[in-house]
$ cat work32.txt   # compact mmCIF, C-alpha atoms
# COMPACT_ATOMS: atom_id res chain seq x y z
CA MET A 1 134.40 100.71 103.06
CA ARG A 2 133.67 97.43 101.25
CA ILE A 3 135.96 94.46 101.98
CA SER A 4 137.41 92.73 98.91
CA LYS A 5 136.29 89.16 98.32
CA GLY A 6 139.87 87.92 98.62
CA LEU A 7 140.22 89.40 102.09
CA GLN A 8 136.78 88.10 103.04
CA ILE A 9 137.72 84.54 102.08
CA ALA A 10 141.05 84.73 103.94
CA ALA A 11 139.39 86.13 107.05
CA LEU A 12 136.66 83.54 106.83
CA ILE A 13 139.18 80.70 106.97
CA VAL A 14 140.88 82.26 109.98
CA VAL A 15 137.65 82.95 111.84
CA THR A 16 135.94 79.61 111.31
CA GLY A 17 138.89 77.24 111.13
CA CYS A 18 136.75 74.93 109.03
CA TRP A 19 134.52 74.90 106.00
CA GLY A 20 131.46 73.57 107.80
CA ALA A 21 130.13 77.05 108.51
CA VAL A 22 130.68 78.02 104.91
CA ALA A 23 128.66 75.04 103.72
CA LEU A 24 125.91 75.96 106.16
CA ALA A 25 125.78 79.54 104.94
CA GLN A 26 125.59 78.41 101.31
CA SER A 27 122.82 75.86 101.81
CA ALA A 28 119.26 76.13 100.47
CA GLU A 29 120.24 77.41 97.03
CA PRO A 30 117.34 78.95 95.10
CA MET A 31 116.62 77.84 91.57
CA ARG A 32 118.67 79.39 88.80
CA MET A 33 117.32 81.97 86.40
CA ALA A 34 114.80 80.75 83.85
CA ASP A 35 113.62 82.52 80.72
CA VAL A 36 111.12 85.27 81.46
CA ALA A 37 107.64 84.62 80.12
CA PRO A 38 106.58 87.18 77.46
CA ASP A 39 103.55 88.21 79.52
CA MET A 40 105.91 89.64 82.19
CA VAL A 41 107.50 92.12 79.81
CA ALA A 42 106.19 95.66 80.16
CA GLY A 43 105.10 97.03 76.82
CA ALA A 44 104.44 93.57 75.34
CA SER A 45 101.06 93.22 73.63
CA ASN A 46 100.19 90.29 75.92
CA TYR A 47 101.47 91.89 79.13
CA HIS A 48 99.19 90.70 81.93
CA LEU A 49 97.76 93.34 84.22
CA GLY A 50 98.15 93.13 87.99
CA THR A 51 97.43 94.97 91.22
CA GLY A 52 98.84 98.51 91.11
CA ASP A 53 98.81 98.91 87.33
CA GLN A 54 97.08 102.06 86.11
CA ILE A 55 95.13 101.98 82.87
CA ARG A 56 93.33 104.43 80.58
CA VAL A 57 89.96 103.30 79.27
CA ILE A 58 88.45 105.06 76.27
CA VAL A 59 84.89 104.42 75.15
CA TYR A 60 84.60 106.21 71.80
CA GLY A 61 81.70 108.61 71.69
CA GLU A 62 81.05 108.13 75.43
CA ASP A 63 83.67 110.24 77.21
CA ASP A 64 81.97 109.95 80.59
CA LEU A 65 82.41 106.17 80.56
CA GLY A 66 86.18 106.25 80.28
CA GLY A 67 89.06 107.63 82.32
CA GLN A 68 92.07 106.60 84.38
CA PHE A 69 91.69 103.57 86.65
CA THR A 70 93.91 101.55 88.99
CA VAL A 71 93.76 97.78 89.38
CA ASP A 72 92.88 97.31 93.05
CA GLY A 73 94.17 94.79 95.58
CA ASN A 74 91.58 92.24 94.49
CA GLY A 75 92.51 92.59 90.82
CA PHE A 76 89.48 94.65 89.74
CA VAL A 77 88.83 98.06 88.23
CA SER A 78 85.65 99.97 89.00
CA LEU A 79 84.09 101.49 85.85
CA PRO A 80 81.08 103.76 85.29
CA LEU A 81 77.78 101.95 84.62
CA ILE A 82 79.17 98.40 84.64
CA GLY A 83 80.91 98.54 88.03
CA GLN A 84 83.62 96.03 89.02
CA VAL A 85 85.48 94.33 86.17
CA LYS A 86 88.20 91.72 86.65
CA ALA A 87 91.50 93.05 85.25
CA SER A 88 94.31 91.13 86.96
CA GLY A 89 95.65 88.40 84.69
CA PHE A 90 94.16 89.97 81.58
CA ALA A 91 96.09 91.48 78.68
CA ALA A 92 94.88 94.97 77.74
CA SER A 93 93.26 93.58 74.57
CA ASP A 94 91.38 90.95 76.62
CA LEU A 95 90.15 93.61 79.02
CA GLU A 96 88.94 95.66 76.05
CA THR A 97 86.81 92.70 74.98
CA GLU A 98 85.47 92.18 78.52
CA ILE A 99 84.47 95.84 78.89
CA THR A 100 82.97 95.90 75.39
CA ASN A 101 80.80 92.88 76.14
CA LYS A 102 79.56 94.33 79.42
CA LEU A 103 78.73 97.71 77.87
CA ALA A 104 76.95 96.02 74.98
CA ASP A 105 74.75 94.16 77.46
CA GLY A 106 72.05 96.83 77.68
CA TYR A 107 74.17 99.97 78.14
CA VAL A 108 75.77 101.12 74.86
CA ASN A 109 74.98 100.22 71.27
CA ASN A 110 77.99 98.78 69.43
CA PRO A 111 80.60 100.14 71.91
CA LYS A 112 84.18 100.72 70.77
CA VAL A 113 86.65 100.40 73.64
CA SER A 114 90.39 101.00 73.98
CA VAL A 115 92.54 100.06 77.01
CA GLU A 116 96.19 100.99 77.53
CA VAL A 117 98.58 100.76 80.47
CA THR A 118 99.69 104.22 81.59
CA THR A 119 101.66 103.32 84.73
CA TYR A 120 103.06 99.91 85.61
CA ARG A 121 102.90 98.51 89.12
CA PRO A 122 106.03 99.15 91.22
CA PHE A 123 108.85 96.74 92.01
CA TYR A 124 110.60 96.24 95.36
CA VAL A 125 114.22 96.05 96.49
CA ILE A 126 115.06 94.49 99.86
CA GLY A 127 118.09 93.15 101.69
CA GLN A 128 121.59 94.60 101.54
CA VAL A 129 120.85 97.98 99.96
CA ASN A 130 120.95 101.37 101.61
CA LYS A 131 117.34 102.34 100.87
CA PRO A 132 115.15 99.23 100.64
CA GLY A 133 111.58 99.82 99.56
CA GLU A 134 109.11 100.24 96.71
CA TYR A 135 110.16 101.93 93.47
CA PRO A 136 108.28 103.00 90.32
CA PHE A 137 108.88 100.84 87.27
CA VAL A 138 110.17 102.23 83.98
CA ASN A 139 110.85 100.37 80.75
CA ASP A 140 114.25 98.68 80.33
CA MET A 141 114.80 98.49 84.09
CA THR A 142 117.83 96.34 84.98
CA VAL A 143 119.18 95.02 88.27
CA LEU A 144 121.87 97.71 88.24
CA ASN A 145 119.24 100.45 87.81
CA ALA A 146 117.15 98.93 90.60
CA VAL A 147 120.06 98.78 93.05
CA ALA A 148 121.08 102.34 92.18
CA LEU A 149 117.54 103.57 92.90
CA ALA A 150 117.73 101.76 96.25
CA GLY A 151 120.83 103.70 97.28
CA GLY A 152 123.46 101.18 96.20
CA TYR A 153 124.91 98.19 97.99
CA THR A 154 125.79 98.04 101.69
CA GLU A 155 129.28 96.92 102.69
CA GLN A 156 127.92 93.43 103.41
CA ALA A 157 126.24 92.94 100.04
CA ASP A 158 127.01 90.24 97.52
CA ASP A 159 127.22 92.26 94.30
CA ALA A 160 127.71 89.27 91.99
CA ASP A 161 124.14 87.91 92.05
CA VAL A 162 120.72 88.88 93.36
CA TYR A 163 117.54 86.91 94.02
CA VAL A 164 114.30 87.83 92.29
CA ARG A 165 110.75 86.75 92.99
CA ARG A 166 108.83 87.43 89.82
CA ASN A 167 105.41 88.91 90.25
CA GLY A 168 102.92 86.20 91.09
CA THR A 169 105.51 83.53 91.88
CA ALA A 170 106.36 82.13 95.29
CA ARG A 171 109.99 81.11 94.75
CA GLU A 172 113.11 83.18 94.16
CA ILE A 173 115.38 82.81 91.16
CA GLU A 174 119.09 83.62 91.23
CA VAL A 175 120.18 86.07 88.53
CA PRO A 176 123.41 87.92 87.67
CA ALA A 177 123.62 91.41 89.14
CA ASP A 178 124.45 93.10 85.84
CA GLN A 179 122.92 94.95 82.91
CA THR A 180 121.77 91.73 81.24
CA THR A 181 119.17 91.03 83.96
CA HIS A 182 115.92 92.94 83.55
CA ILE A 183 113.43 93.73 86.28
CA TYR A 184 109.69 93.71 85.61
CA PRO A 185 106.59 95.21 87.26
CA GLY A 186 105.82 93.62 90.62
CA ASP A 187 109.23 91.95 91.01
CA VAL A 188 110.84 91.66 94.44
CA VAL A 189 114.63 91.96 94.26
CA ARG A 190 116.62 90.70 97.25
CA VAL A 191 120.30 91.51 97.68
CA SER A 192 121.94 88.97 99.97
CA GLN A 193 125.03 89.09 102.14
CA THR A 194 128.33 87.59 101.07
CA THR A 195 129.21 84.23 102.61
CA PHE A 196 131.82 85.99 104.75
CA TRP A 197 129.26 88.28 106.37
CA LYS A 198 126.72 85.47 106.77
CA VAL A 199 129.25 83.46 108.77
CA VAL A 200 130.46 86.46 110.78
CA ASN A 201 126.89 87.36 111.72
CA VAL A 202 126.20 83.76 112.79
CA LEU A 203 129.38 83.50 114.85
CA SER A 204 129.30 86.95 116.46
CA PRO A 205 126.45 86.21 118.93
CA ILE A 206 128.17 82.93 119.86
CA ALA A 207 131.44 84.75 120.52
CA GLN A 208 129.66 87.41 122.58
CA ALA A 209 127.84 84.79 124.64
CA GLY A 210 131.13 83.04 125.39
CA ALA A 211 133.02 86.18 126.39
CA PRO A 212 131.88 86.24 130.08
CA VAL A 213 132.84 82.57 130.46
CA ALA A 214 136.27 83.24 128.97
CA TYR A 215 136.71 86.26 131.29
CA LEU A 216 135.82 84.26 134.40
CA ALA A 217 138.11 81.42 133.37
CA ALA A 218 140.98 83.87 132.93
CA HIS A 219 140.38 85.36 136.40
$ encode --input "work32.txt" --output "structure tokens"
Amino acid sequence: MRISKGLQIAALIVVTGCWGAVALAQSAEPMRMADVAPDMVAGASNYHLGTGDQIRVIVYGEDDLGGQFTVDGNGFVSLPLIGQVKASGFAASDLETEITNKLADGYVNNPKVSVEVTTYRPFYVIGQVNKPGEYPFVNDMTVLNAVALAGGYTEQADDADVYVRRNGTAREIEVPADQTTHIYPGDVVRVSQTTFWKVVNVLSPIAQAGAPVAYLAAH
């Protein structure tokens, strides 16, 4: 059973007796949400490929040179004849040009190449959800969809906001946990605890450590 925020705040005041612990638990705020760059949006013409994306390459008139390929951990795809080709960071149209140029360099006369994304790299949900882990991305994914896939919130979860590390970035951004916040391929979504549970979890070990001392003093 989830505890209402009103009860959490009241209990927090009783347990701590001061607001110092609350301030401690709320420190180190991440940066607020910024606009998402267009190249993060799945389906956008300038969507940049990354590790885990699966693509279909078609070389017209040369069926054996195309197929389904996955961008590997180093950001490359391995193609017939031309071998390793850098894909991570490229839009599909840019990768088409790269493959075309390599094929034209002594392999195929006037090659015509098409590249499309067939499966986007997964996203991740961690923290206060019932089933943290990796999940397949689909278009129009929101925070609410992501949390639902991860089994919903735990009783300790803060369901007002979540923290997202966009693919390729090192710092989290704080975003509303509602249908207006979209999740993109490669994102890491972290659901944090409420301030009440942060403080309780900090104070519980201290209380447990002091229990034997209190028992001996009473006897």
$ atom_distance --input "work32.txt" --atom1 "CA of Leu144 (chain A)" --atom2 "CA of Val189 (chain A)"
11.0 Å
$ closest_residue --input "work32.txt" --among "A:Ile99, A:Ile58, A:Val200, A:Ala150" --to "Gly83 (chain A)" --atoms "only C-alpha atoms"
A:Ile99
$ atom_distance --input "work32.txt" --atom1 "CA of Met141 (chain A)" --atom2 "CA of Arg190 (chain A)"
15.4 Å
$ residues_around --input "work32.txt" --residues "Asp72 (chain A)" --least-positions-apart "2" --cutoff "12 Å" --atoms "only C-alpha atoms" --output "PyMOL selection string"
chain A and resi 49-55+69-70+74-78+84-88+121
$ axis_aligned_box --input "work32.txt" --around "region 128-136 of chain A" --padding-each-side "4 Å" --output "JSON"
{"center_x": 114.9, "center_y": 98.8, "center_z": 96.0, "size_x": 21.3, "size_y": 16.4, "size_z": 19.3}
$ closest_residue --input "work32.txt" --among "A:Asn201, A:Ser192, A:Thr118, A:Gln128" --to "Gly67 (chain A)" --atoms "all atoms listed in the file"
A:Thr118
$ atom_distance --input "work32.txt" --atom1 "CA of Val115 (chain A)" --atom2 "CA of Asn145 (chain A)"
28.8 Å
$ residues_around --input "work32.txt" --residues "Lys131 (chain A)" --least-positions-apart "5" --cutoff "10 Å" --atoms "only C-alpha atoms" --output "PyMOL selection string"
chain A and resi 125-126+147-154
$ closest_residue --input "work32.txt" --among "A:Thr180, A:Gly61, A:Glu172, A:Asp159" --to "Asn110 (chain A)" --atoms "only C-alpha atoms"
A:Gly61
$ residues_around --input "work32.txt" --residues "Lys112 (chain A)" --least-positions-apart "3" --cutoff "10 Å" --atoms "all atoms listed in the file" --output "mmCIF file with C-alpha atoms, keeping the file's coordinate frame"
data_model
loop_
_atom_site.group_PDB
_atom_site.id
_atom_site.type_symbol
_atom_site.label_atom_id
_atom_site.label_comp_id
_atom_site.auth_asym_id
_atom_site.auth_seq_id
_atom_site.Cartn_x
_atom_site.Cartn_y
_atom_site.Cartn_z
ATOM 1 C CA ILE A 58 88.450 105.060 76.270
ATOM 2 C CA VAL A 59 84.890 104.420 75.150
ATOM 3 C CA TYR A 60 84.600 106.210 71.800
ATOM 4 C CA GLY A 61 81.700 108.610 71.690
ATOM 5 C CA GLU A 62 81.050 108.130 75.430
ATOM 6 C CA GLU A 96 88.940 95.660 76.050
ATOM 7 C CA THR A 97 86.810 92.700 74.980
ATOM 8 C CA ILE A 99 84.470 95.840 78.890
ATOM 9 C CA THR A 100 82.970 95.900 75.390
ATOM 10 C CA LEU A 103 78.730 97.710 77.870
ATOM 11 C CA ALA A 104 76.950 96.020 74.980
ATOM 12 C CA VAL A 108 75.770 101.120 74.860
ATOM 13 C CA ASN A 109 74.980 100.220 71.270
#
$ closest_residue --input "work32.txt" --among "A:Glu116, A:Asp161, A:Asp105, A:Glu155" --to "Ala92 (chain A)" --atoms "only C-alpha atoms"
A:Glu116
$ closest_residue --input "work32.txt" --among "A:Leu203, A:Leu95, A:Val175, A:Val113" --to "Gly66 (chain A)" --atoms "only C-alpha atoms"
A:Val113
$ closest_residue --input "work32.txt" --among "A:Ala146, A:Ile183, A:Val202, A:Ile173" --to "Pro132 (chain A)" --atoms "all atoms listed in the file"
A:Ala146
